[in-house]
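A short write-up of the structure that comes next.
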Number of protein chains: 2
Amino acid sequence: MSKGSLFVISGPSGTGKGTLCTELLKQDNIFLSVSATTRDKRVGETEGVTYYYTDTESFKKMIDAGEMLEYAVYSGNYYGTPKKAVCDMLEEGKNVILEIEAQGALKVKDLLPEAVLIFVVPPSISELRKRLTERGREDSAEIERRIEAAKWEFSQSPKYNYVIVNDELTRCVDETLSIIKAANERQQMIERLLNEI
Amino acid sequence: MSKGSLFVISGPSGTGKGTLCTELLKQDNIFLSVSATTRDKRVGETEGVTYYYTDTESFKKMIDAGEMLEYAVYSGNYYGTPKKAVCDMLEEGKNVILEIEAQGALKVKDLLPEAVLIFVVPPSISELRKRLTERGREDSAEIERRIEAAKWEFSQSPKYNYVIVNDELTRCVDETLSIIKAANERQQMIERLLNEI
């Protein structure tokens, strides 16, 4: 069993990353990582399945030790991706997907340089504006603010392993699956060469 | 004129990186970077063409400031690749090639995360042994030492953007040219999206 790969998917708001990830997760060997949180466990949730539950002090220690690939705070609770949880899944041969914003994606690459960074872009800015408007979640001022914010993300794109244009969902899913397949084949080839030594 | 890209080519001794680079440099828009050196200028050499000439103190200061993408010392003289020289060529729209060993390649990626790292591997270890033997430069003990050293390099391969199998030179050159073309097209697309904002 070859090691799996970690794929970090990000891109400007409204490019359809979420839909892409939902489609990818329908595949047998593609999984979401399990996050850690400091919020209380709720009825029906399972440790290590829904979340890893921990306290704020331990969570902060993990951040300081570089053991948290990325994290965020919502309503006073920490949520994050423990490096070890991801690496364990990779060792089991699973492909792991993280859908996070660009700043987090680049931090993951620092902590785990073998992560495959995929940047999803819209076919054009006018199409992005159209999608954000049709989605109807943000008013036009917020939409323009998000498009302005995308400038920084676009400028970071050379640091990504792949840039995918989300012009049509099915094509975009197929392209991403090819990237995942290529990463797995490459891992197998390297393991074969290492075994030969 | 779009920005060019930097391609760092490395791989185990005997995989044919040198021959690959020689072929790539026959293309119109692919250049080798100009190195800096502390050795004296010789007759017929030109500042900024053959080398950038500097003194040891300035060279060391550049290393400390992270301005030298990689460097080495031969016969008491320093040789290295100044980051600025590479970035200037990229700004001029040139594609730049660096052929260096794996440790240097990973250091370049730290200093210039947009560098495209290409790892060239042999189709098999037995083929690598055959090529090193036929080349006749090293005795069999040295060949086995180099193959053993390749282990570390192979283990670093997930950090590379691309892994290319050098099974047949023409095919390997074509694959690398496709990578360079794709990087250029991607740069153009991102510049187009940025211009649209």
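Residues in the structure tokens are named by chain (A, B, ... in the order shown) and by number from 1 within that chain; ligands are numbered from 1 in the order shown.
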List every residue of chain A that has an atom at most 8 Å from any atom of chain B, giving for each one its closest atom pair and the distance in Å to one decimal, counting only C-alpha atoms, sorted by chain and then by ascending residue number, as JSON lines.
{"residue": "A:Pro113", "atom": "CA", "partner": "B:Lys159", "partner_atom": "CA", "distance": 5.4}
{"residue": "A:Glu114", "atom": "CA", "partner": "B:Lys159", "partner_atom": "CA", "distance": 4.5}
{"residue": "A:Ala115", "atom": "CA", "partner": "B:Lys159", "partner_atom": "CA", "distance": 7.7}
{"residue": "A:Ser124", "atom": "CA", "partner": "B:Leu193", "partner_atom": "CA", "distance": 6.2}
{"residue": "A:Ile125", "atom": "CA", "partner": "B:Glu196", "partner_atom": "CA", "distance": 6.2}
{"residue": "A:Ile147", "atom": "CA", "partner": "B:Ile197", "partner_atom": "CA", "distance": 7.2}
{"residue": "A:Glu148", "atom": "CA", "partner": "B:Ile197", "partner_atom": "CA", "distance": 7.0}
{"residue": "A:Lys151", "atom": "CA", "partner": "B:Leu194", "partner_atom": "CA", "distance": 6.3}
{"residue": "A:Phe154", "atom": "CA", "partner": "B:Ile190", "partner_atom": "CA", "distance": 6.4}
{"residue": "A:Ser155", "atom": "CA", "partner": "B:Ile190", "partner_atom": "CA", "distance": 7.8}
{"residue": "A:Ser157", "atom": "CA", "partner": "B:Ile190", "partner_atom": "CA", "distance": 7.7}
{"residue": "A:Pro158", "atom": "CA", "partner": "B:Glu114", "partner_atom": "CA", "distance": 4.8}
{"residue": "A:Lys159", "atom": "CA", "partner": "B:Glu114", "partner_atom": "CA", "distance": 4.5}
{"residue": "A:Tyr160", "atom": "CA", "partner": "B:Glu114", "partner_atom": "CA", "distance": 7.7}
{"residue": "A:Asn161", "atom": "CA", "partner": "B:Asn161", "partner_atom": "CA", "distance": 6.1}
{"residue": "A:Val163", "atom": "CA", "partner": "B:Arg186", "partner_atom": "CA", "distance": 7.2}
{"residue": "A:Arg186", "atom": "CA", "partner": "B:Val163", "partner_atom": "CA", "distance": 7.2}
{"residue": "A:Gln187", "atom": "CA", "partner": "B:Pro158", "partner_atom": "CA", "distance": 7.6}
{"residue": "A:Ile190", "atom": "CA", "partner": "B:Phe154", "partner_atom": "CA", "distance": 6.4}
{"residue": "A:Leu193", "atom": "CA", "partner": "B:Ser124", "partner_atom": "CA", "distance": 6.2}
{"residue": "A:Leu194", "atom": "CA", "partner": "B:Lys151", "partner_atom": "CA", "distance": 6.3}
{"residue": "A:Glu196", "atom": "CA", "partner": "B:Ile125", "partner_atom": "CA", "distance": 6.2}
{"residue": "A:Ile197", "atom": "CA", "partner": "B:Ile125", "partner_atom": "CA", "distance": 6.7}
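When CA of Gln188 in chain B is paired with CA of Asn95 in chain B, their separation reads 13.4 Å.
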Quiz prompt | CA of Tyr53 in chain B to CA of Thr38 in chain B, straight-line distance in Å | solution = 5.9 Å
Self-check item: Sel. of strand (DSSP E or B) residues, chain B, as number ranges by chain
Solution: B: 6-10, 30-32, 36-37, 47, 51-53, 68-74, 77-82, 95-99, 116-121, 162-165
Neighbours of Ile97 in chain A within 10 Å (only C-alpha atoms; same-chain residues fewer than 6 positions away dropped), as a compact mmCIF listing (two decimals) with C-alpha atoms, in the first residue's frame?
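Wrote result23.txt, looks like this:
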# COMPACT_ATOMS: atom_id res chain seq x y z
CA SER A 5 -1.28 12.48 -0.77
CA LEU A 6 -2.62 15.66 0.78
CA PHE A 7 -4.44 18.07 -1.54
CA VAL A 8 -5.08 21.60 -0.34
CA ILE A 9 -7.79 23.29 -2.36
CA CYS A 21 -14.71 19.15 -2.94
CA LEU A 24 -14.24 14.68 -5.01
CA LEU A 25 -15.36 13.17 -1.70
CA ILE A 30 -10.55 10.61 -1.03
CA PHE A 31 -11.28 11.79 2.52
CA LEU A 32 -11.69 14.98 4.49
CA SER A 33 -9.34 15.32 7.45
CA VAL A 86 -3.49 14.09 8.39
CA ALA A 115 1.19 18.93 0.19
CA VAL A 116 -0.21 19.41 -3.32
Quiz item: Could you state the separation of CA of Gly11 in chain A and CA of Leu128 in chain A in Å, given to one decimal place?
Solution: 11.4 Å
Quiz item: Which parts of range 102-182 of chain A does DSSP call helix (DSSP H, G or I) when run on the backbone here, written out as an MDAnalysis selection string?
Solution: chainID A and resid 102:111 125:135 140:155 157:159 169:182
Quiz item: Of the candidates A:Arg129, A:Ala105, A:Leu98, A:Asp167, which one gets nearest to Gly18 in chain A if we count only C-alpha atoms?
Solution: A:Leu98
Quiz item: If we count only C-alpha atoms, what is near Arg135 in chain B at a cut-off of 12 Å, once residues fewer than 5 positions away on the same chain are taken out, given as a VMD selection string?
Solution: chain B and resid 13 to 16 128 to 130 140 143
Could you save the residues just selected, with N, CA and C atoms, as a PDB file, in the first residue's frame?
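Here's the written file result-v3.pdb:
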ATOM      1  N   SER B  13      22.658  11.564  -9.512  1.00  0.00           N
ATOM      2  CA  SER B  13      23.792  11.508 -10.426  1.00  0.00           C
ATOM      3  C   SER B  13      23.586  10.391 -11.454  1.00  0.00           C
ATOM      4  N   GLY B  14      23.696  10.734 -12.740  1.00  0.00           N
ATOM      5  CA  GLY B  14      23.578   9.712 -13.786  1.00  0.00           C
ATOM      6  C   GLY B  14      22.199   9.638 -14.430  1.00  0.00           C
ATOM      7  N   THR B  15      21.276  10.521 -14.041  1.00  0.00           N
ATOM      8  CA  THR B  15      19.926  10.457 -14.630  1.00  0.00           C
ATOM      9  C   THR B  15      19.835  11.222 -15.944  1.00  0.00           C
ATOM     10  N   GLY B  16      20.906  11.981 -16.268  1.00  0.00           N
ATOM     11  CA  GLY B  16      20.895  12.687 -17.552  1.00  0.00           C
ATOM     12  C   GLY B  16      20.346  14.103 -17.485  1.00  0.00           C
ATOM     13  N   LEU B 128      20.047   2.963 -13.874  1.00  0.00           N
ATOM     14  CA  LEU B 128      20.931   4.012 -13.354  1.00  0.00           C
ATOM     15  C   LEU B 128      22.346   3.464 -13.167  1.00  0.00           C
ATOM     16  N   ARG B 129      22.436   2.260 -12.590  1.00  0.00           N
ATOM     17  CA  ARG B 129      23.735   1.615 -12.368  1.00  0.00           C
ATOM     18  C   ARG B 129      24.440   1.387 -13.707  1.00  0.00           C
ATOM     19  N   LYS B 130      23.666   0.938 -14.708  1.00  0.00           N
ATOM     20  CA  LYS B 130      24.197   0.674 -16.048  1.00  0.00           C
ATOM     21  C   LYS B 130      24.760   1.968 -16.649  1.00  0.00           C
ATOM     22  N   SER B 140      33.222   1.264  -9.203  1.00  0.00           N
ATOM     23  CA  SER B 140      31.962   0.652  -8.759  1.00  0.00           C
ATOM     24  C   SER B 140      31.625   1.001  -7.313  1.00  0.00           C
ATOM     25  N   ILE B 143      30.041   4.349  -7.503  1.00  0.00           N
ATOM     26  CA  ILE B 143      28.699   4.220  -8.093  1.00  0.00           C
ATOM     27  C   ILE B 143      27.700   3.765  -7.038  1.00  0.00           C
TER      28      ILE B 143
END
